[in-house]
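Read through the structure below, which is laid out as structure tokens, and then see the notes.
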Amino acid sequence: MHPFAYTRVSDTRDALNAGRHGGRYIAGGTTLVDLMRETVERPGTLVDISALPLREVTVTERGGLRIGALVRMAEAAAHPKVRALYPVISQALELSASAQLRNMATIGGNIMQRTRCTYFRDVTADCNKREPGSGCAAREGFNRSHAILGTSDSCVATHPSDVAVAFAALEARVHLLGPDGERQVPFAGFLLRPGSTPQHEQALRRGELITAVEIPAHPRPLKSGYLKVRDRQSYEFALTSAAVALHIRGGLIREAKVAAGGVGTVPWKLPAVERHLIGERPSESLWAEAAEQATEGARPLQHNRFKVELLQRTVARQLRIVGGTK
């Protein structure tokens, strides 16, 4: 680990001032500290923001949900309003990491976490995300766990977050506070696809701080859930996952929100699946037909071709569970 300075702040003004001068924000530290130990990350200054007042979960005036950036994953998962309004969020959080990590990690830190690609974390390997222009060892290496959607010649790494998949499905917005004031960014535009600049991962301006994630109100009744497929049941990242929310009224699907994880360079919204569902009656054949659209544009590599079929099966299964025809 390289030497670094450390400062702890108790108000947002001090945090922004430190961030504007190059400080890196840290709260739970469950990802950043690991990367510092591996010398992948080498921040000169850490700004501890864990004392900031960003720990509330509130229902918005229109019936949506706002989760403070410093709410712990375990706290958010157990919160009665989260469980009642959006069980897909609670389920995604409870299927993430270990209990110990969920007790430390924050919502803001979770969506900011970097890829689990082994080549990214190996400082001796070529990685455009870590060292732009060096190449992507994963493309010709062992890429079983890598992305099939949203990839580029520069990067095929997956985004590891589970709850980010739920946020993507529900079309959340990220609240930011920076030197120039407050702004909101749609979740779909907050995490960036790699393209030719994989080192740029979030749509953050210098010194900006995540203050909350807000889920808009959705028509009720709304059934939702999260399904994660992994190599083992304990503390493992997704091979594929599916976050689904359905509004069914009068026997017809009036609204559908679907996203996939474990397969994309960012949490992957599935609009083609959603379009296939709208206006239809829930049925076994509908789930299968809609799930076939999930891999539109997929570009599998030599070791992860199995993810094409696995993703379709995962989406179909979760549609069946949430849609009530299992």
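By convention in this document, the chains of the structure tokens carry letters A, B, ... by their order, each chain's residues are numbered from 1, and ligands are numbered from 1 in the order they are shown.
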List the spatial neighbours of region 19-25 of chain A as a list in words - criterion: any atom at most 6 Å away, only C-alpha atoms, same-chain residues fewer than 6 positions off excluded.
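Near region 19-25 of chain A, the qualifying residues are Thr45, Leu46, Val47 and Gly207 of chain A.
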Write out as a PyMOL selection string each polymer residue whose atoms come within 12 Å of Gly133 (chain A), counting only C-alpha atoms; drop sequence neighbours fewer than 5 positions from it.
chain A and resi 126-128+153-155+196-199
Interface rows for region 22-127 of chain A against region 225-249 of chain A: nearest pair, Å to one decimal, 6 Å, only C-alpha atoms, as JSON lines:
{"residue": "A:Pro87", "atom": "CA", "partner": "A:Gly225", "partner_atom": "CA", "distance": 6.0}
{"residue": "A:Val88", "atom": "CA", "partner": "A:Gly225", "partner_atom": "CA", "distance": 4.0}
{"residue": "A:Gln91", "atom": "CA", "partner": "A:Tyr226", "partner_atom": "CA", "distance": 5.8}
{"residue": "A:Ala92", "atom": "CA", "partner": "A:Tyr226", "partner_atom": "CA", "distance": 5.7}
{"residue": "A:Ala97", "atom": "CA", "partner": "A:Tyr235", "partner_atom": "CA", "distance": 4.8}
{"residue": "A:Ser98", "atom": "CA", "partner": "A:Tyr235", "partner_atom": "CA", "distance": 5.4}
Output N, CA, C and O atoms for every residue in that selection, as a CSV table (one decimal), in the first residue's frame.
chain,number,residue,atom,x,y,z
A,87,PRO,N,-39.5,-4.8,-2.9
A,87,PRO,CA,-38.7,-6.0,-2.4
A,87,PRO,C,-37.6,-6.4,-3.3
A,87,PRO,O,-36.6,-7.0,-2.8
A,88,VAL,N,-37.6,-6.0,-4.6
A,88,VAL,CA,-36.5,-6.3,-5.5
A,88,VAL,C,-35.2,-5.7,-4.9
A,88,VAL,O,-34.1,-6.3,-5.1
A,91,GLN,N,-34.1,-7.8,-1.8
A,91,GLN,CA,-33.6,-9.1,-2.2
A,91,GLN,C,-32.2,-9.0,-2.9
A,91,GLN,O,-31.3,-9.8,-2.6
A,92,ALA,N,-32.0,-8.0,-3.7
A,92,ALA,CA,-30.7,-7.8,-4.3
A,92,ALA,C,-29.6,-7.5,-3.3
A,92,ALA,O,-28.5,-8.0,-3.4
A,97,ALA,N,-22.6,-10.0,-1.4
A,97,ALA,CA,-21.5,-10.1,-0.4
A,97,ALA,C,-21.8,-11.0,0.8
A,97,ALA,O,-22.6,-11.9,0.7
A,98,SER,N,-21.2,-10.6,1.9
A,98,SER,CA,-21.4,-11.4,3.1
A,98,SER,C,-22.1,-10.5,4.1
A,98,SER,O,-22.2,-9.3,3.9
For Asn110 (chain A), which residue out of A:Pro132, A:Gly251, A:Gly29, A:Gly264 is the nearest one, using only C-alpha atoms?
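Selected residue with least distance to Asn110 (chain A): A:Gly29.
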Please report as a Markdown table every residue of region 27-118 of chain A lying within 12 Å of region 164-168 of chain A, along with the nearest atom pair and their distance in Å (one decimal), using only C-alpha atoms.
| residue | atom | partner | partner_atom | distance |
| --- | --- | --- | --- | --- |
| A:Leu65 | CA | A:Phe167 | CA | 11.2 |
| A:Arg66 | CA | A:Phe167 | CA | 11.5 |
| A:Ile67 | CA | A:Phe167 | CA | 11.1 |
| A:Met73 | CA | A:Ala164 | CA | 11.9 |
| A:Tyr86 | CA | A:Ala166 | CA | 9.1 |
| A:Pro87 | CA | A:Ala166 | CA | 9.6 |
| A:Val88 | CA | A:Ala166 | CA | 6.3 |
| A:Ile89 | CA | A:Ala166 | CA | 5.8 |
| A:Ser90 | CA | A:Ala166 | CA | 9.3 |
| A:Gln91 | CA | A:Ala166 | CA | 9.2 |
| A:Ala92 | CA | A:Ala166 | CA | 6.9 |
| A:Leu93 | CA | A:Ala166 | CA | 9.3 |
| A:Leu95 | CA | A:Ala166 | CA | 11.9 |
| A:Ser96 | CA | A:Ala164 | CA | 10.9 |
| A:Ile107 | CA | A:Ala164 | CA | 9.3 |
| A:Gly108 | CA | A:Ala164 | CA | 10.2 |
| A:Gly109 | CA | A:Ala164 | CA | 11.0 |
| A:Asn110 | CA | A:Ala164 | CA | 7.9 |
| A:Ile111 | CA | A:Ala164 | CA | 6.0 |
| A:Met112 | CA | A:Ala164 | CA | 9.5 |
| A:Gln113 | CA | A:Ala164 | CA | 10.3 |
Just asking: which residues within region 91-207 of chain A are alpha helix (DSSP H) according to DSSP, as a VMD selection string?
chain A and resid 91 to 94 99 to 104 107 to 112 118 to 121 137 to 140 163 to 169 187 to 190
Let me see the file: selected residues, N, CA and C atoms, as a compact mmCIF listing (two decimals), in the first residue's frame.
# COMPACT_ATOMS: atom_id res chain seq x y z
N GLN A 91 -34.08 -7.80 -1.80
CA GLN A 91 -33.57 -9.10 -2.24
C GLN A 91 -32.19 -8.97 -2.87
N ALA A 92 -31.99 -7.96 -3.70
CA ALA A 92 -30.69 -7.76 -4.33
C ALA A 92 -29.61 -7.50 -3.28
N LEU A 93 -29.94 -6.70 -2.27
CA LEU A 93 -28.97 -6.41 -1.22
C LEU A 93 -28.65 -7.65 -0.39
N GLU A 94 -29.66 -8.43 -0.07
CA GLU A 94 -29.45 -9.60 0.77
C GLU A 94 -28.68 -10.70 0.06
N ALA A 99 -22.60 -11.06 5.22
CA ALA A 99 -23.28 -10.25 6.23
C ALA A 99 -22.36 -9.19 6.80
N GLN A 100 -21.10 -9.55 7.01
CA GLN A 100 -20.15 -8.59 7.57
C GLN A 100 -19.95 -7.39 6.64
N LEU A 101 -19.82 -7.66 5.35
CA LEU A 101 -19.64 -6.57 4.39
C LEU A 101 -20.91 -5.73 4.27
N ARG A 102 -22.07 -6.37 4.29
CA ARG A 102 -23.32 -5.61 4.20
C ARG A 102 -23.51 -4.70 5.40
N ASN A 103 -22.94 -5.05 6.52
CA ASN A 103 -23.03 -4.19 7.71
C ASN A 103 -22.10 -2.99 7.63
N MET A 104 -21.12 -3.03 6.73
CA MET A 104 -20.16 -1.94 6.58
C MET A 104 -20.41 -1.10 5.32
N ILE A 107 -24.75 2.32 0.41
CA ILE A 107 -25.43 2.33 -0.89
C ILE A 107 -24.61 3.11 -1.92
N GLY A 108 -24.12 4.28 -1.53
CA GLY A 108 -23.32 5.07 -2.46
C GLY A 108 -22.05 4.36 -2.86
N GLY A 109 -21.39 3.73 -1.91
CA GLY A 109 -20.16 3.00 -2.22
C GLY A 109 -20.43 1.79 -3.08
N ASN A 110 -21.58 1.14 -2.88
CA ASN A 110 -21.89 -0.04 -3.65
C ASN A 110 -21.99 0.26 -5.14
N ILE A 111 -22.67 1.33 -5.49
CA ILE A 111 -22.82 1.63 -6.92
C ILE A 111 -21.54 2.22 -7.51
N MET A 112 -20.61 2.64 -6.63
CA MET A 112 -19.33 3.16 -7.10
C MET A 112 -18.25 2.08 -7.20
N THR A 118 -10.36 -10.16 -12.77
CA THR A 118 -9.07 -10.56 -12.19
C THR A 118 -7.90 -9.85 -12.87
N TYR A 119 -8.05 -9.52 -14.13
CA TYR A 119 -6.97 -8.84 -14.84
C TYR A 119 -6.87 -7.38 -14.40
N PHE A 120 -7.99 -6.76 -14.09
CA PHE A 120 -7.98 -5.41 -13.56
C PHE A 120 -7.26 -5.37 -12.21
N ARG A 121 -7.44 -6.39 -11.40
CA ARG A 121 -6.87 -6.43 -10.05
C ARG A 121 -5.45 -6.98 -10.03
N ALA A 137 -6.32 -7.87 -21.33
CA ALA A 137 -5.90 -9.27 -21.23
C ALA A 137 -7.08 -10.22 -21.17
N ALA A 138 -8.22 -9.74 -20.73
CA ALA A 138 -9.39 -10.61 -20.58
C ALA A 138 -9.93 -11.10 -21.92
N ARG A 139 -9.78 -10.32 -22.96
CA ARG A 139 -10.36 -10.71 -24.25
C ARG A 139 -9.79 -12.03 -24.75
N GLU A 140 -8.52 -12.26 -24.55
CA GLU A 140 -7.91 -13.51 -24.99
C GLU A 140 -7.58 -14.42 -23.81
N VAL A 163 -27.47 -4.57 -6.29
CA VAL A 163 -28.52 -3.57 -6.10
C VAL A 163 -28.55 -2.58 -7.25
N ALA A 164 -27.42 -2.37 -7.93
CA ALA A 164 -27.42 -1.48 -9.09
C ALA A 164 -28.32 -2.03 -10.20
N VAL A 165 -28.46 -3.34 -10.27
CA VAL A 165 -29.35 -3.94 -11.27
C VAL A 165 -30.80 -3.59 -10.94
N ALA A 166 -31.14 -3.66 -9.66
CA ALA A 166 -32.49 -3.26 -9.24
C ALA A 166 -32.73 -1.78 -9.50
N PHE A 167 -31.74 -0.94 -9.22
CA PHE A 167 -31.88 0.49 -9.48
C PHE A 167 -32.06 0.76 -10.98
N ALA A 168 -31.33 0.03 -11.81
CA ALA A 168 -31.45 0.20 -13.25
C ALA A 168 -32.85 -0.19 -13.72
N ALA A 169 -33.35 -1.32 -13.22
CA ALA A 169 -34.68 -1.77 -13.62
C ALA A 169 -35.74 -0.75 -13.23
N PHE A 187 -30.09 6.88 -13.53
CA PHE A 187 -29.17 5.79 -13.25
C PHE A 187 -28.59 5.21 -14.53
N ALA A 188 -29.40 5.19 -15.59
CA ALA A 188 -28.93 4.65 -16.86
C ALA A 188 -27.75 5.43 -17.42
N GLY A 189 -27.61 6.69 -17.01
CA GLY A 189 -26.50 7.50 -17.49
C GLY A 189 -25.40 7.72 -16.47
N PHE A 190 -25.59 7.17 -15.27
CA PHE A 190 -24.60 7.38 -14.22
C PHE A 190 -23.41 6.45 -14.38
Can you list every residue of region 219-282 of chain A that has an atom at most 12 Å from region 290-309 of chain A, with its nearest atom pair and the distance in Å to one decimal, using only C-alpha atoms, ordered by chain then number, as a tab-separated table?
residue	atom	partner	partner_atom	distance
A:Val229	CA	A:Lys307	CA	10.6
A:Arg230	CA	A:Lys307	CA	11.4
A:Ala238	CA	A:Lys307	CA	10.9
A:Leu239	CA	A:Lys307	CA	7.4
A:Thr240	CA	A:Lys307	CA	7.2
A:Ser241	CA	A:Lys307	CA	10.6
A:Ala242	CA	A:Ala294	CA	10.1
A:Val244	CA	A:Ala291	CA	11.7
A:Ala256	CA	A:Ala290	CA	11.1
A:Val258	CA	A:Ala294	CA	9.3
A:Ala259	CA	A:Ala294	CA	8.8
A:Ala260	CA	A:Ala294	CA	8.3
A:Gly261	CA	A:Lys307	CA	11.1
A:Gly262	CA	A:Lys307	CA	9.1
A:Val263	CA	A:Lys307	CA	7.3
A:Gly264	CA	A:Ala298	CA	9.2
A:Thr265	CA	A:Ala298	CA	11.5
A:Trp268	CA	A:Ala294	CA	9.4
A:Lys269	CA	A:Ala294	CA	9.1
A:Leu270	CA	A:Ala294	CA	6.1
A:Pro271	CA	A:Ala294	CA	8.6
A:Ala272	CA	A:Gln293	CA	5.8
A:Val273	CA	A:Ala290	CA	5.0
A:Glu274	CA	A:Ala290	CA	7.7
A:Arg275	CA	A:Ala290	CA	8.4
A:His276	CA	A:Ala290	CA	5.5
A:Leu277	CA	A:Ala290	CA	6.6
A:Ile278	CA	A:Ala290	CA	10.2
A:Glu280	CA	A:Ala290	CA	10.6
A:Pro282	CA	A:Ala290	CA	10.9
Strand (DSSP E or B) residues, from DSSP on the backbone, in region 112-290 of chain A, as a ChimeraX atom specification
/A:127,136,149,173-178,181-186,191,202,209-215,223-229,240-249,252-261,264,268-269
Which residues are near Leu52 (chain A)? Cut-off 7 Å, only C-alpha atoms, ignore same chain within fewer than 5 positions. Put them as a list of chain:residue names.
A:Ser10, A:Asp11, A:Thr12
Can you tell me how far CA of Thr158 (chain A) sits from CA of His146 (chain A), in Å to one decimal?
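Straight-line distance from CA of Thr158 (chain A) to CA of His146 (chain A) works out to 5.6 Å.
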Between CA of Arg55 (chain A) and CA of Leu222 (chain A), what distance in Å does the model show, to one decimal?
25.9 Å
Within 7 Å of Ile215 (chain A), counting only C-alpha atoms, which residues show up once you throw out same-chain ones fewer than 3 positions away? Write them as an NGL selection string, please.
:A and (64-66 or 170-173)
Expressed in Å, the length from CA of Glu284 (chain A) to CA of Arg83 (chain A) is 27.2 Å
Test item: residues at most 9 Å from region 32-39 of chain A, only C-alpha atoms, excluding those fewer than 4 positions along its chain, as a PyMOL selection string:
chain A and resi 1-2+26+28+43+109+113-114+121-123
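When only C-alpha atoms are used to measure the gap to Val266 (chain A), the shortest distance among A:Val9, A:Ala27, A:Leu85, A:Leu149 belongs to A:Leu149.
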